[in-house]
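Q: The following block contains the structure, expressed as structure tokens.
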Amino acid sequence: IEEVTYRQPLAVTEILSLPNGEAFSVCPRCRITLEREYQQFCDRCGQRLSWKDFSKAKIIKWKPK
């Protein structure tokens, strides 16, 4: 049943902004940065992605741990 939820697209709603000026979209399921914008699936966890409201994505500043 869990794998069926990966087929339902989840909206990409966050962008991680790094101190050097680079920015990466964040997977809504595994919370890891995506290699490319507008890819159909997360290359790490396989979650299907929706980019419908990406223009409204929240920018998150990177903080060292």
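A note on labels: chains of the structure tokens are A, B, ... as shown, every chain counts residues from 1, and ligands are counted from 1 in their shown order.
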Would you pick out the contacts of Pro9 of chain A at 10 Å or less, using only C-alpha atoms, so that residues sharing its chain but fewer than 5 positions from it are not included, and give the list as a PyMOL selection string?

A: chain A and resi 28+40-41+47-51

Q: Running DSSP on the backbone, which parts of chain A land in alpha helix (DSSP H), as a ChimeraX atom specification?

A: /A:2-7

Q: From chain A, collect each residue whose DSSP state is strand (DSSP E or B) and return the set as an mmCIF file with N, CA and C atoms, in the first residue's frame.

A:
data_model
loop_
_atom_site.group_PDB
_atom_site.id
_atom_site.type_symbol
_atom_site.label_atom_id
_atom_site.label_comp_id
_atom_site.auth_asym_id
_atom_site.auth_seq_id
_atom_site.Cartn_x
_atom_site.Cartn_y
_atom_site.Cartn_z
ATOM 1 N N LEU A 10 3.173 14.624 -5.435
ATOM 2 C CA LEU A 10 3.230 15.566 -4.323
ATOM 3 C C LEU A 10 3.848 16.861 -4.845
ATOM 4 N N ALA A 11 3.316 17.971 -4.408
ATOM 5 C CA ALA A 11 3.797 19.270 -4.870
ATOM 6 C C ALA A 11 5.161 19.599 -4.281
ATOM 7 N N GLU A 14 9.253 23.662 -1.617
ATOM 8 C CA GLU A 14 10.385 24.282 -0.935
ATOM 9 C C GLU A 14 11.625 24.296 -1.825
ATOM 10 N N ILE A 15 12.409 25.357 -1.661
ATOM 11 C CA ILE A 15 13.684 25.508 -2.356
ATOM 12 C C ILE A 15 14.739 25.781 -1.285
ATOM 13 N N LEU A 16 15.824 25.004 -1.309
ATOM 14 C CA LEU A 16 16.917 25.202 -0.361
ATOM 15 C C LEU A 16 17.922 26.163 -0.981
ATOM 16 N N SER A 17 18.179 27.275 -0.309
ATOM 17 C CA SER A 17 19.117 28.292 -0.783
ATOM 18 C C SER A 17 20.437 28.145 -0.024
ATOM 19 N N ALA A 23 20.663 27.237 -5.526
ATOM 20 C CA ALA A 23 19.373 26.868 -4.938
ATOM 21 C C ALA A 23 18.909 25.544 -5.535
ATOM 22 N N PHE A 24 18.316 24.701 -4.709
ATOM 23 C CA PHE A 24 17.863 23.383 -5.140
ATOM 24 C C PHE A 24 16.460 23.122 -4.620
ATOM 25 N N SER A 25 15.622 22.536 -5.450
ATOM 26 C CA SER A 25 14.284 22.115 -5.043
ATOM 27 C C SER A 25 14.421 20.961 -4.061
ATOM 28 N N VAL A 26 13.443 20.829 -3.167
ATOM 29 C CA VAL A 26 13.470 19.797 -2.133
ATOM 30 C C VAL A 26 12.313 18.825 -2.360
ATOM 31 N N THR A 33 17.494 17.285 -1.529
ATOM 32 C CA THR A 33 17.456 18.151 -2.697
ATOM 33 C C THR A 33 17.416 17.329 -3.981
ATOM 34 N N PHE A 41 10.021 12.486 -11.232
ATOM 35 C CA PHE A 41 10.153 11.680 -10.021
ATOM 36 C C PHE A 41 11.409 12.083 -9.265
ATOM 37 N N ARG A 48 6.637 10.612 -7.098
ATOM 38 C CA ARG A 48 6.184 11.380 -8.261
ATOM 39 C C ARG A 48 5.979 12.827 -7.819
ATOM 40 N N LEU A 49 6.421 13.774 -8.637
ATOM 41 C CA LEU A 49 6.422 15.179 -8.254
ATOM 42 C C LEU A 49 5.460 16.006 -9.088
ATOM 43 N N SER A 50 4.914 17.028 -8.472
ATOM 44 C CA SER A 50 4.065 17.996 -9.157
ATOM 45 C C SER A 50 4.733 19.366 -9.051
ATOM 46 N N LYS A 58 8.409 28.005 -1.108
ATOM 47 C CA LYS A 58 9.034 28.721 0.006
ATOM 48 C C LYS A 58 10.547 28.528 -0.061
ATOM 49 N N ILE A 59 11.299 29.610 0.083
ATOM 50 C CA ILE A 59 12.758 29.535 0.073
ATOM 51 C C ILE A 59 13.245 29.333 1.502
ATOM 52 N N ILE A 60 14.063 28.293 1.682
ATOM 53 C CA ILE A 60 14.610 27.954 2.998
ATOM 54 C C ILE A 60 16.120 28.177 2.943
ATOM 55 N N LYS A 61 16.640 28.926 3.881
ATOM 56 C CA LYS A 61 18.083 29.179 3.954
ATOM 57 C C LYS A 61 18.778 27.996 4.602
#

Q: Which residue gives the smallest distance to Arg29 of chain A among A:Trp62, A:Cys45, A:Gln8, A:Ala57, with only C-alpha atoms counted?

A: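 Between A:Trp62, A:Cys45, A:Gln8, A:Ala57, the residue approaching Arg29 of chain A most closely is A:Cys45.
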
Q: Expressed in Å to a single decimal, how great is the separation between atom CA of Val4 of chain A and atom CA of Lys56 of chain A?

A: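 Straight-line distance from atom CA of Val4 of chain A to atom CA of Lys56 of chain A works out to 26.9 Å.
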